[in-house]
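**Student:** For reference, this is model.txt, and it has compact mmCIF, C-alpha atoms.
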```
# COMPACT_ATOMS: atom_id res chain seq x y z
CA MET A 1 -8.75 21.27 2.88
CA ASP A 2 -10.49 19.06 0.35
CA ARG A 3 -8.52 15.86 0.05
CA ASN A 4 -9.70 15.29 -3.48
CA SER A 5 -8.72 18.66 -4.90
CA ASN A 6 -5.90 18.93 -7.41
CA THR A 7 -4.04 21.49 -5.32
CA TYR A 8 -3.99 19.20 -2.29
CA THR A 9 -2.83 16.26 -4.39
CA PHE A 10 -0.02 18.26 -5.96
CA ILE A 11 1.19 19.73 -2.68
CA TYR A 12 1.01 16.35 -0.99
CA ALA A 13 2.99 14.65 -3.74
CA ALA A 14 5.59 17.41 -3.82
CA ILE A 15 6.16 17.39 -0.06
CA MET A 16 6.30 13.62 0.04
CA VAL A 17 8.86 13.39 -2.75
CA VAL A 18 11.12 16.08 -1.30
CA LEU A 19 10.91 14.55 2.16
CA VAL A 20 11.68 11.01 1.02
CA ALA A 21 14.51 12.24 -1.22
CA ALA A 22 16.02 14.18 1.67
CA ILE A 23 15.84 11.22 4.04
CA LEU A 24 17.34 8.78 1.54
CA ALA A 25 20.06 11.17 0.45
CA SER A 26 21.16 11.96 3.98
CA VAL A 27 21.17 8.30 5.04
CA ALA A 28 23.13 7.36 1.93
CA MET A 29 25.66 10.12 2.63
CA ALA A 30 25.98 9.18 6.28
CA LEU A 31 26.60 5.51 5.52
CA LYS A 32 28.79 5.98 2.45
CA ASP A 33 32.12 5.79 4.27
CA ARG A 34 31.19 2.63 6.13
CA GLN A 35 30.01 0.97 2.93
CA ASN A 36 33.16 1.89 1.02
CA LYS A 37 35.24 0.59 3.89
CA ASN A 38 33.33 -2.71 3.76
CA ILE A 39 33.92 -3.00 0.04
CA GLU A 40 37.62 -2.27 0.44
CA VAL A 41 38.04 -4.80 3.23
CA GLU A 42 36.15 -7.39 1.21
CA LYS A 43 38.43 -6.85 -1.79
CA LYS A 44 41.46 -7.33 0.43
CA GLN A 45 39.94 -10.51 1.84
CA ASN A 46 39.29 -11.81 -1.67
CA ILE A 47 42.83 -11.05 -2.79
CA LEU A 48 44.17 -12.88 0.25
CA ALA A 49 41.79 -15.79 -0.33
CA SER A 50 43.21 -16.26 -3.83
CA VAL A 51 46.57 -17.12 -2.24
CA ASN A 52 44.80 -19.39 0.26
CA ILE A 53 45.09 -17.04 3.22
CA SER A 54 41.86 -16.78 5.16
CA SER A 55 41.14 -13.55 7.00
CA THR A 56 38.28 -12.01 8.92
CA THR A 57 36.82 -8.56 8.40
CA SER A 58 38.80 -7.30 11.38
CA ASP A 59 42.27 -8.63 10.57
CA ALA A 60 42.17 -8.46 6.74
CA GLU A 61 43.83 -5.04 6.54
CA LYS A 62 46.71 -6.03 8.80
CA ILE A 63 47.40 -9.32 6.99
CA TYR A 64 47.09 -7.57 3.63
CA ALA A 65 49.70 -4.99 4.59
CA GLU A 66 52.00 -7.76 5.78
CA LYS A 67 51.62 -10.21 2.91
CA ILE A 68 51.03 -8.20 -0.24
CA LYS A 69 54.53 -6.86 -0.70
CA ASN A 70 54.18 -5.30 -4.09
CA GLN A 71 51.43 -4.13 -6.39
CA TYR A 72 51.76 -2.45 -9.76
CA VAL A 73 49.93 -1.82 -13.01
CA ILE A 74 51.00 -3.18 -16.39
CA ASN A 75 49.71 -2.86 -19.95
CA THR A 76 48.95 -5.65 -22.41
CA LYS A 77 52.54 -5.54 -23.67
CA GLY A 78 53.64 -6.52 -20.19
CA GLU A 79 55.34 -3.20 -19.38
CA VAL A 80 54.87 -1.55 -16.01
CA VAL A 81 52.77 1.63 -16.13
CA GLU A 82 53.95 4.23 -13.62
CA GLY A 83 51.74 6.43 -11.49
CA GLU A 84 48.72 4.11 -11.09
CA ASP A 85 47.44 2.50 -7.91
CA ALA A 86 46.78 -1.18 -8.63
CA PHE A 87 44.27 -1.48 -5.80
CA LEU A 88 42.07 1.32 -7.15
CA ILE A 89 41.93 0.17 -10.78
CA ASP A 90 38.31 -0.50 -11.80
CA ILE A 91 38.48 -3.79 -13.70
CA ARG A 92 35.04 -3.26 -15.19
CA LYS A 93 36.16 -0.03 -16.90
CA GLU A 94 39.42 -1.54 -18.07
CA LYS A 95 37.66 -4.49 -19.69
CA SER A 96 35.69 -2.23 -22.00
CA LYS A 97 38.81 -0.39 -23.20
CA LYS A 98 40.81 -1.23 -26.32
CA ALA A 99 43.57 -3.78 -25.74
CA GLU A 100 46.43 -1.29 -26.02
CA GLU A 101 44.86 1.11 -23.50
CA LYS A 102 44.04 -1.47 -20.84
CA LEU A 103 45.55 -1.06 -17.39
CA LEU A 104 46.11 -4.41 -15.69
CA PRO A 105 46.81 -4.63 -11.95
CA VAL A 106 49.20 -7.25 -10.58
CA PHE A 107 49.64 -8.08 -6.90
CA GLU A 108 52.65 -9.92 -5.54
CA CYS A 109 52.30 -11.92 -2.38
CA GLN A 110 55.06 -13.47 -0.33
CA THR A 111 53.77 -16.78 1.06
CA GLU A 112 55.53 -19.61 2.85
CA ASN A 113 55.48 -21.43 -0.51
CA GLY A 114 57.30 -18.67 -2.35
CA LEU A 115 56.30 -15.62 -4.32
CA LYS A 116 52.82 -15.67 -5.89
CA TYR A 117 51.34 -13.39 -8.53
CA ILE A 118 47.69 -12.43 -8.21
CA PHE A 119 45.57 -11.34 -11.19
CA PRO A 120 42.11 -9.79 -10.89
CA MET A 121 39.49 -10.89 -13.43
CA ARG A 122 35.98 -10.03 -14.43
CA GLY A 123 33.37 -11.52 -16.75
CA SER A 124 29.67 -12.17 -16.97
CA GLY A 125 27.61 -15.03 -15.58
CA LEU A 126 23.96 -15.76 -16.16
CA TRP A 127 22.29 -12.92 -14.26
CA GLY A 128 25.11 -10.46 -13.79
CA PRO A 129 28.84 -9.98 -13.50
CA VAL A 130 31.21 -12.58 -12.07
CA TRP A 131 34.71 -11.68 -10.93
CA GLY A 132 37.60 -13.03 -8.99
CA PHE A 133 41.31 -13.24 -8.31
CA VAL A 134 43.56 -16.02 -9.56
CA SER A 135 47.09 -16.54 -8.26
CA LEU A 136 49.93 -18.22 -10.14
CA ASN A 137 53.16 -19.79 -8.94
CA GLU A 138 56.46 -18.26 -10.00
CA ASP A 139 56.50 -20.52 -13.07
CA MET A 140 53.60 -18.32 -14.31
CA ASN A 141 51.76 -21.46 -15.33
CA THR A 142 50.47 -23.38 -12.33
CA ILE A 143 47.45 -21.98 -10.47
CA TYR A 144 48.18 -21.58 -6.77
CA GLY A 145 44.70 -20.52 -5.73
CA ALA A 146 41.53 -18.90 -6.99
CA ASN A 147 38.69 -16.90 -5.53
CA PHE A 148 35.49 -16.14 -7.41
CA ASP A 149 32.45 -14.10 -6.58
CA HIS A 150 29.29 -13.02 -8.32
CA GLN A 151 26.51 -10.50 -8.04
CA GLY A 152 23.34 -12.53 -8.41
CA GLU A 153 23.86 -16.05 -9.71
CA THR A 154 21.22 -18.60 -8.74
CA PRO A 155 21.73 -19.97 -5.21
CA GLY A 156 22.60 -23.67 -5.33
CA LEU A 157 23.45 -23.50 -9.04
CA GLY A 158 25.64 -20.78 -10.54
CA ALA A 159 26.29 -19.27 -7.13
CA GLU A 160 28.36 -22.34 -6.29
CA ILE A 161 31.34 -20.67 -8.02
CA SER A 162 31.97 -18.79 -4.79
CA THR A 163 32.17 -21.97 -2.71
CA THR A 164 35.41 -23.54 -1.51
CA TRP A 165 35.01 -26.92 -3.19
CA PHE A 166 34.76 -25.33 -6.61
CA GLN A 167 37.64 -22.92 -6.05
CA GLU A 168 39.82 -25.68 -4.58
CA SER A 169 39.53 -27.65 -7.81
CA PHE A 170 41.57 -24.99 -9.65
CA LYS A 171 44.65 -25.58 -7.53
CA GLY A 172 47.57 -27.10 -9.44
CA LYS A 173 45.91 -26.68 -12.84
CA ARG A 174 48.09 -25.27 -15.64
CA ILE A 175 47.12 -22.50 -18.04
CA PHE A 176 49.81 -23.11 -20.70
CA ASP A 177 50.05 -26.38 -22.64
CA ASP A 178 53.34 -28.18 -23.21
CA THR A 179 54.14 -26.18 -26.33
CA GLY A 180 53.68 -22.87 -24.52
CA ASN A 181 50.27 -21.94 -25.90
CA LEU A 182 47.86 -20.23 -23.53
CA ILE A 183 44.81 -22.49 -23.27
CA SER A 184 43.52 -21.37 -19.86
CA ILE A 185 41.21 -23.64 -17.87
CA THR A 186 38.19 -25.48 -19.26
CA ILE A 187 35.18 -25.95 -16.99
CA THR A 188 33.71 -29.22 -18.16
CA LYS A 189 30.21 -30.63 -18.19
CA ALA A 190 29.68 -34.29 -17.33
CA GLY A 191 30.97 -36.43 -20.18
CA GLN A 192 32.96 -33.63 -21.81
CA GLU A 193 36.52 -34.62 -22.63
CA ALA A 194 39.31 -32.24 -21.64
CA PRO A 195 42.91 -32.74 -20.52
CA GLU A 196 43.01 -33.25 -16.76
CA ALA A 197 45.74 -30.68 -16.13
CA HIS A 198 43.80 -27.88 -17.82
CA SER A 199 40.22 -28.50 -16.71
CA VAL A 200 37.98 -28.56 -13.66
CA ASP A 201 34.53 -30.08 -13.15
CA GLY A 202 31.65 -27.73 -13.84
CA ILE A 203 28.58 -27.17 -11.70
CA SER A 204 25.51 -29.18 -12.60
CA GLY A 205 22.69 -26.78 -13.35
CA GLY A 206 25.13 -23.88 -13.55
CA THR A 207 26.30 -24.31 -17.13
CA ILE A 208 25.96 -20.69 -18.24
CA THR A 209 27.75 -19.38 -15.17
CA SER A 210 30.52 -21.95 -15.66
CA LYS A 211 30.81 -20.97 -19.31
CA GLY A 212 31.00 -17.29 -18.35
CA LEU A 213 33.74 -18.04 -15.86
CA GLU A 214 35.65 -20.05 -18.43
CA ASN A 215 35.48 -17.17 -20.93
CA MET A 216 36.57 -14.74 -18.25
CA LEU A 217 39.66 -16.82 -17.42
CA LEU A 218 40.66 -17.19 -21.07
CA GLU A 219 40.07 -13.53 -21.92
CA ASP A 220 41.86 -12.12 -18.91
CA PHE A 221 44.80 -14.50 -18.96
CA ASN A 222 45.12 -13.46 -22.58
CA SER A 223 45.47 -9.81 -21.57
CA TYR A 224 48.25 -10.78 -19.19
CA LYS A 225 49.88 -13.13 -21.71
CA GLU A 226 52.88 -10.97 -22.59
CA PHE A 227 53.56 -10.28 -18.93
CA LEU A 228 53.36 -13.98 -18.09
CA LYS A 229 55.70 -14.91 -20.93
CA LYS A 230 58.20 -12.24 -19.92
CA LYS A 231 58.27 -13.39 -16.32
CA LYS A 232 58.49 -17.02 -17.33
CA SER A 233 61.63 -16.72 -19.40
CA MET B 1 -8.53 2.79 21.61
CA SER B 2 -10.70 0.76 23.97
CA ASP B 3 -9.17 -2.53 22.87
CA PRO B 4 -6.32 -3.92 24.99
CA LEU B 5 -3.10 -4.33 22.97
CA PHE B 6 -3.38 -8.09 22.68
CA SER B 7 -7.14 -8.51 22.64
CA LYS B 8 -8.58 -11.59 21.01
CA LYS B 9 -9.49 -9.60 17.93
CA ASN B 10 -5.96 -8.23 17.59
CA LEU B 11 -4.43 -11.66 18.03
CA THR B 12 -6.42 -13.06 15.14
CA LEU B 13 -4.63 -10.45 12.97
CA LEU B 14 -1.45 -12.33 13.82
CA THR B 15 -2.74 -15.89 13.59
CA GLU B 16 -5.19 -15.80 10.65
CA PRO B 17 -2.51 -15.25 7.99
CA LEU B 18 -0.58 -18.25 9.29
CA ASN B 19 -3.35 -20.58 8.22
CA SER B 20 -6.80 -19.72 6.92
CA SER B 21 -5.85 -16.49 5.13
CA ASN B 22 -2.26 -17.35 4.32
CA PRO B 23 -0.91 -14.94 1.72
CA ILE B 24 0.78 -17.67 -0.34
CA THR B 25 -1.38 -20.75 -0.05
CA VAL B 26 -4.81 -19.13 0.18
CA GLN B 27 -4.49 -15.69 -1.41
CA VAL B 28 -1.78 -16.89 -3.83
CA LEU B 29 0.29 -13.68 -3.52
CA GLY B 30 4.05 -13.36 -3.47
CA ILE B 31 4.52 -16.60 -5.40
CA CYS B 32 7.32 -15.18 -7.54
CA SER B 33 9.72 -14.59 -4.67
CA ALA B 34 8.63 -17.85 -3.02
CA LEU B 35 9.96 -19.66 -6.08
CA ALA B 36 13.09 -17.56 -6.52
CA VAL B 37 14.71 -17.56 -3.10
CA THR B 38 13.89 -21.03 -1.76
CA ALA B 39 16.57 -23.17 -3.42
CA GLN B 40 18.38 -22.96 -0.09
CA LEU B 41 17.15 -22.40 3.43
CA LYS B 42 19.29 -19.41 4.40
CA PRO B 43 18.18 -16.94 1.71
CA ALA B 44 14.60 -18.03 2.38
CA LEU B 45 14.99 -17.18 6.07
CA VAL B 46 16.65 -13.82 5.47
CA MET B 47 14.07 -12.92 2.83
CA ALA B 48 11.26 -13.76 5.27
CA LEU B 49 12.79 -11.48 7.92
CA SER B 50 13.38 -8.62 5.48
CA VAL B 51 9.81 -8.80 4.21
CA MET B 52 8.62 -8.78 7.81
CA ALA B 53 10.55 -5.59 8.59
CA VAL B 54 9.39 -3.81 5.45
CA LEU B 55 5.78 -4.94 5.70
CA ALA B 56 5.38 -4.07 9.39
CA PHE B 57 6.87 -0.59 9.02
CA SER B 58 5.17 0.32 5.76
CA ASN B 59 1.86 -0.82 7.24
CA VAL B 60 2.40 1.45 10.24
CA ILE B 61 3.50 4.43 8.16
CA ILE B 62 0.58 4.14 5.73
CA SER B 63 -1.78 3.68 8.64
CA LEU B 64 -0.46 6.88 10.27
CA LEU B 65 -0.87 8.76 7.00
CA ARG B 66 -4.17 7.16 6.09
CA ASN B 67 -6.29 10.22 6.79
CA THR B 68 -4.09 12.55 4.75
CA ILE B 69 -3.38 10.52 1.62
CA PRO B 70 -5.17 11.90 -1.46
CA ASN B 71 -7.30 9.09 -2.81
CA ARG B 72 -6.24 9.48 -6.43
CA ILE B 73 -2.52 9.01 -5.79
CA ARG B 74 -2.74 6.55 -2.91
CA ILE B 75 -1.06 3.72 -4.82
CA ILE B 76 1.86 5.99 -5.70
CA VAL B 77 2.16 7.11 -2.08
CA GLN B 78 2.23 3.47 -0.97
CA LEU B 79 4.84 2.65 -3.56
CA VAL B 80 7.06 5.55 -2.49
CA VAL B 81 6.84 4.51 1.17
CA VAL B 82 7.67 0.87 0.37
CA ALA B 83 10.48 1.78 -2.01
CA ALA B 84 12.01 4.23 0.45
CA LEU B 85 11.90 1.61 3.23
CA VAL B 86 13.46 -1.05 1.04
CA ILE B 87 16.28 1.28 0.03
CA LEU B 88 16.84 2.18 3.69
CA VAL B 89 17.00 -1.51 4.62
CA ASP B 90 19.44 -2.11 1.77
CA LEU B 91 21.69 0.81 2.78
CA ILE B 92 21.73 -0.25 6.42
CA LEU B 93 22.48 -3.88 5.56
CA LYS B 94 25.34 -2.76 3.31
CA ALA B 95 26.84 -0.58 6.01
CA TYR B 96 26.46 -2.80 9.07
CA VAL B 97 25.98 -6.43 7.98
CA PHE B 98 27.79 -6.56 4.67
CA ASP B 99 27.78 -10.39 4.54
CA VAL B 100 24.02 -10.67 4.81
CA SER B 101 23.57 -7.94 2.25
CA LYS B 102 25.71 -9.88 -0.20
CA GLN B 103 23.72 -13.02 0.49
CA LEU B 104 20.49 -11.25 -0.40
CA SER B 105 21.89 -9.31 -3.35
CA VAL B 106 19.07 -8.54 -5.76
CA PHE B 107 16.31 -9.96 -3.61
CA VAL B 108 16.20 -6.95 -1.29
CA GLY B 109 15.25 -4.74 -4.21
CA LEU B 110 12.63 -7.26 -5.26
CA ILE B 111 10.77 -6.82 -1.97
CA ILE B 112 9.30 -3.66 -3.52
CA THR B 113 7.49 -5.76 -6.08
CA ASN B 114 6.15 -8.29 -3.58
CA CYS B 115 2.39 -8.23 -4.08
CA ILE B 116 1.73 -9.06 -0.43
CA ILE B 117 3.08 -5.69 0.68
CA MET B 118 0.98 -3.54 -1.64
CA GLY B 119 -1.93 -5.87 -0.98
CA ARG B 120 -1.84 -5.38 2.79
CA LEU B 121 -1.33 -1.61 2.51
CA GLU B 122 -4.33 -1.31 0.22
CA ALA B 123 -6.55 -3.80 2.00
CA PHE B 124 -5.68 -3.19 5.63
CA ALA B 125 -3.41 -0.28 6.56
CA LEU B 126 -5.49 2.32 4.70
CA GLY B 127 -8.47 1.56 6.93
CA ASN B 128 -7.03 0.60 10.30
CA ARG B 129 -5.09 1.99 13.25
CA PRO B 130 -1.26 1.79 13.38
CA TRP B 131 -1.07 -0.93 16.07
CA GLN B 132 -3.51 -3.22 14.29
CA SER B 133 -1.68 -2.54 11.03
CA PHE B 134 1.60 -3.44 12.68
CA LEU B 135 0.17 -6.77 13.88
CA ASP B 136 -1.34 -7.41 10.48
CA GLY B 137 2.05 -6.78 8.87
CA ILE B 138 3.86 -9.13 11.23
CA GLY B 139 1.17 -11.79 10.82
CA ASN B 140 1.15 -11.72 7.04
CA ALA B 141 4.93 -11.66 6.80
CA ALA B 142 5.04 -14.65 9.17
CA GLY B 143 2.46 -16.46 7.06
CA TYR B 144 4.58 -15.77 4.00
CA GLY B 145 7.77 -16.62 5.85
CA TRP B 146 6.84 -20.04 7.18
CA ILE B 147 5.87 -21.24 3.71
CA LEU B 148 9.22 -19.98 2.37
CA VAL B 149 11.10 -21.73 5.15
CA VAL B 150 9.26 -25.02 4.65
CA VAL B 151 9.81 -24.94 0.89
CA GLY B 152 13.45 -23.95 1.38
CA PHE B 153 13.91 -26.76 3.90
CA PHE B 154 12.72 -29.49 1.53
CA ARG B 155 14.40 -28.04 -1.55
CA GLU B 156 17.80 -27.74 0.08
CA LEU B 157 17.54 -31.10 1.87
CA LEU B 158 16.42 -33.09 -1.17
CA GLY B 159 18.20 -31.00 -3.80
CA SER B 160 21.58 -30.43 -2.19
CA GLY B 161 21.57 -32.85 0.74
CA SER B 162 22.33 -30.02 3.15
CA LEU B 163 20.58 -27.55 5.46
CA LEU B 164 21.82 -23.96 5.95
CA GLY B 165 24.92 -25.09 4.05
CA TYR B 166 25.74 -27.98 6.41
CA GLN B 167 25.82 -31.44 4.84
CA ILE B 168 23.00 -33.61 6.24
CA ILE B 169 23.05 -36.65 3.96
CA PRO B 170 26.19 -38.67 4.85
CA GLU B 171 28.84 -38.43 2.11
CA ASN B 172 29.19 -42.21 1.81
CA TRP B 173 25.52 -42.59 0.88
CA TYR B 174 26.19 -40.99 -2.48
CA LEU B 175 26.51 -43.07 -5.64
CA SER B 176 29.77 -41.31 -6.47
CA ASN B 177 31.20 -42.62 -3.18
CA GLY B 178 29.86 -46.12 -3.69
CA GLY B 179 26.54 -45.58 -1.93
CA PHE B 180 22.94 -45.73 -3.13
CA TYR B 181 21.78 -42.12 -2.98
CA GLU B 182 21.71 -39.23 -5.41
CA ASN B 183 20.47 -35.65 -4.85
CA ASN B 184 17.34 -34.81 -6.78
CA GLY B 185 18.58 -32.10 -9.16
CA MET B 186 14.99 -31.15 -9.99
CA MET B 187 14.49 -29.82 -6.47
CA ILE B 188 16.82 -26.87 -7.06
CA LEU B 189 14.92 -25.76 -10.15
CA PRO B 190 12.02 -23.31 -9.70
CA PRO B 191 9.26 -25.67 -10.98
CA MET B 192 9.75 -27.94 -7.97
CA ALA B 193 9.17 -24.97 -5.67
CA LEU B 194 5.76 -24.53 -7.27
CA ILE B 195 5.02 -28.24 -6.82
CA THR B 196 6.17 -28.06 -3.19
CA VAL B 197 3.86 -25.10 -2.60
CA GLY B 198 1.13 -27.17 -4.25
CA VAL B 199 1.74 -30.03 -1.83
CA ILE B 200 1.58 -27.60 1.12
CA ILE B 201 -1.76 -26.26 -0.19
CA TRP B 202 -3.04 -29.83 -0.52
CA VAL B 203 -2.04 -30.77 3.03
CA GLN B 204 -3.45 -27.49 4.37
CA ARG B 205 -6.84 -27.91 2.66
CA SER B 206 -7.23 -31.50 3.74
CA ARG B 207 -6.79 -30.38 7.36
CA ASN B 208 -8.76 -27.14 7.11
CA ARG B 209 -12.05 -28.14 5.43
CA LYS B 210 -13.50 -24.65 5.28
CA LEU B 211 -10.91 -23.64 2.70
CA ILE B 212 -12.29 -26.14 0.19
CA GLU B 213 -14.43 -24.47 -2.44
CA ASP B 214 -17.50 -26.21 -3.81
```
Hey, can you dump this file as structure tokens for me?
**Tutor:**
Amino acid sequence: MDRNSNTYTFIYAAIMVVLVAAILASVAMALKDRQNKNIEVEKKQNILASVNISSTTSDAEKIYAEKIKNQYVINTKGEVVEGEDAFLIDIRKEKSKKAEEKLLPVFECQTENGLKYIFPMRGSGLWGPVWGFVSLNEDMNTIYGANFDHQGETPGLGAEISTTWFQESFKGKRIFDDTGNLISITITKAGQEAPEAHSVDGISGGTITSKGLENMLLEDFNSYKEFLKKKKS
Amino acid sequence: MSDPLFSKKNLTLLTEPLNSSNPITVQVLGICSALAVTAQLKPALVMALSVMAVLAFSNVIISLLRNTIPNRIRIIVQLVVVAALVILVDLILKAYVFDVSKQLSVFVGLIITNCIIMGRLEAFALGNRPWQSFLDGIGNAAGYGWILVVVGFFRELLGSGSLLGYQIIPENWYLSNGGFYENNGMMILPPMALITVGVIIWVQRSRNRKLIED
């Protein structure tokens, strides 16, 4: 058949497209379960990391089942919403909802240092979303641990938010000031003045990512504000 | 098929792109990703390996199809093959080596747009046998890869004081710890990658006189 004829070109293109689509679709289907499993295990690892428990991909599920004693969903008024699975709540969807419709997951973890509350968060960095889990002590003020991750921040710059040294610096910081106002945590640039107890050092060269993370913390702690106040008193 | 598998002619397909026809320093292709992923050594390494896998296989596939591809849609056919391979690589990484896949994030998708791949398909695989195309793919990806690794090495060492994430410069050298040393923050910004590539080109041309144009 003439390789330059229209018929040949059309048939060739059609067969190629159908074939490639079939291959990709079947591979995607076949690997879907494994991928979802990976994502689930990773989320459990991240939740555990926010209360300073390190786990590997193989033991994360076991430790999670042992340590995370309680998980529930609340609304912005701080009331528990029945019939929702906290682990399956999609934070991205919840963030775009109106304040009164938001579903907010809370995880409780029993550690050797007492009961900790874990709050998932999500915001935007420079190139894409950033997210994480922050855990508070029972005083609902002092940060016990934090774990952040990102989709595509610049390696060596914004991507540093997922490193230990940066996350460690959140430990012991307080999100309420002395008069009980929620001020969250400031991520400072060199030379920027901020009260020691409420700020951490930013990442040089990663200003926009740091700023995004700072906004995320303020916004999301704000959603949980009523719940935090209720538990505090 | 008279050639032995590793005849002298076939071996030059592997070695030429390392030096005198290097895709980055001589043909100036694939610069964009060379600047984007080299702030640290590890992403540079993984990117080099991923490009090698995609380039070798797409070269072979296009070479096998070369006598059937309609001339007028050959670029589209190449693009579909490359895109399908990249998506396959991405799916497999996500399912079996989730950590690596996270490390690469958006860069895997960007392999599709790497000019070296389309360039080799168009210039080589369309006119040569599968085995030669395979060698050509490996050779060009290696030529691309070693530049990435060298640039990544210097950028991470001078910019962050570490290699593959391990601290190399002793902590007490740093000014903040009372020492005399400070990381060069410029090295982690993309412009310094371009300058590093420029230095590599300079060194290469001074050693390989036949690359110097009049």
**Student:** With a cut-off of 9 Å and counting all atoms listed in the file, select all residues of chain B in contact with chain A and give the selection as a ChimeraX atom specification.
**Tutor:** /B:36-40,43,68-73,76-77,80-81,84,87-88,91-92,94-96,98,102-107,156,159-160,185,188-189
**Student:** Could you pull the residues within 12 Å of Lys43 of chain A, counting only C-alpha atoms, minus those fewer than 2 positions along the same chain, as number ranges by chain?
**Tutor:** A: 36-41, 45-50, 55-57, 60-61, 64, 87-90, 120, 131-133, 147-149
**Student:** List the spatial neighbours of Glu196 of chain A as a list in words - criterion: any atom at most 10 Å away, all atoms listed in the file, same-chain residues fewer than 4 positions off excluded.
**Tutor:**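 Returned residues: Lys173, Arg174, Ile185, Thr186, Val200 and Asp201 of chain A.
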**Student:** Between atom CA of Ile74 of chain A and atom CA of Ser184 of chain A, what is the distance, to one decimal in Å?
**Tutor:** 20.0 Å
**Student:** Nearest to Leu29 of chain B: which of B:Leu164, B:Cys115, B:Val150, B:Leu211 is it, counting all atoms listed in the file?
**Tutor:**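 For Leu29 of chain B, the nearest of the given residues is B:Cys115.
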**Student:** Could you tell me how far atom CA of Thr12 of chain B lies from atom CA of Arg129 of chain B, in Å and to one decimal?
**Tutor:**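 Straight-line distance from atom CA of Thr12 of chain B to atom CA of Arg129 of chain B works out to 15.2 Å.
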**Student:** Let me make sure I understand: among B:Ile201, B:Leu158, B:Val149, B:Ala141, which one has the smallest atom-to-atom distance to Met52 of chain B if we use only C-alpha atoms?
**Tutor:** B:Ala141
**Student:** Just want the 10 Å neighbourhood of segment 94-98 of chain A, counted on only C-alpha atoms, with same-chain residues fewer than 5 positions away dropped. Output as an mmCIF file with C-alpha atoms, in the coordinates of the input.
**Tutor:**
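Resulting contents of around16.cif:
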```cif
data_model
loop_
_atom_site.group_PDB
_atom_site.id
_atom_site.type_symbol
_atom_site.label_atom_id
_atom_site.label_comp_id
_atom_site.auth_asym_id
_atom_site.auth_seq_id
_atom_site.Cartn_x
_atom_site.Cartn_y
_atom_site.Cartn_z
ATOM 1 C CA ILE A 89 41.930 0.170 -10.780
ATOM 2 C CA LEU A 103 45.550 -1.060 -17.390
ATOM 3 C CA LEU A 104 46.110 -4.410 -15.690
ATOM 4 C CA MET A 121 39.490 -10.890 -13.430
ATOM 5 C CA ARG A 122 35.980 -10.030 -14.430
ATOM 6 C CA GLY A 123 33.370 -11.520 -16.750
ATOM 7 C CA GLU A 219 40.070 -13.530 -21.920
ATOM 8 C CA ASP A 220 41.860 -12.120 -18.910
ATOM 9 C CA SER A 223 45.470 -9.810 -21.570
#
```
**Student:** Within 12 Å of Cys32 of chain B, counting all atoms listed in the file, which residues show up once you throw out same-chain ones fewer than 4 positions away? Write them as a PyMOL selection string, please.
**Tutor:** chain B and resi 24+28+36-38+107+110-111+113-116+144+148+190-191+193-194+197
**Student:** For atom CA of Ser206 of chain B and atom CA of Leu157 of chain B, quote the distance in Å rounded to one decimal.
**Tutor:** 24.8 Å
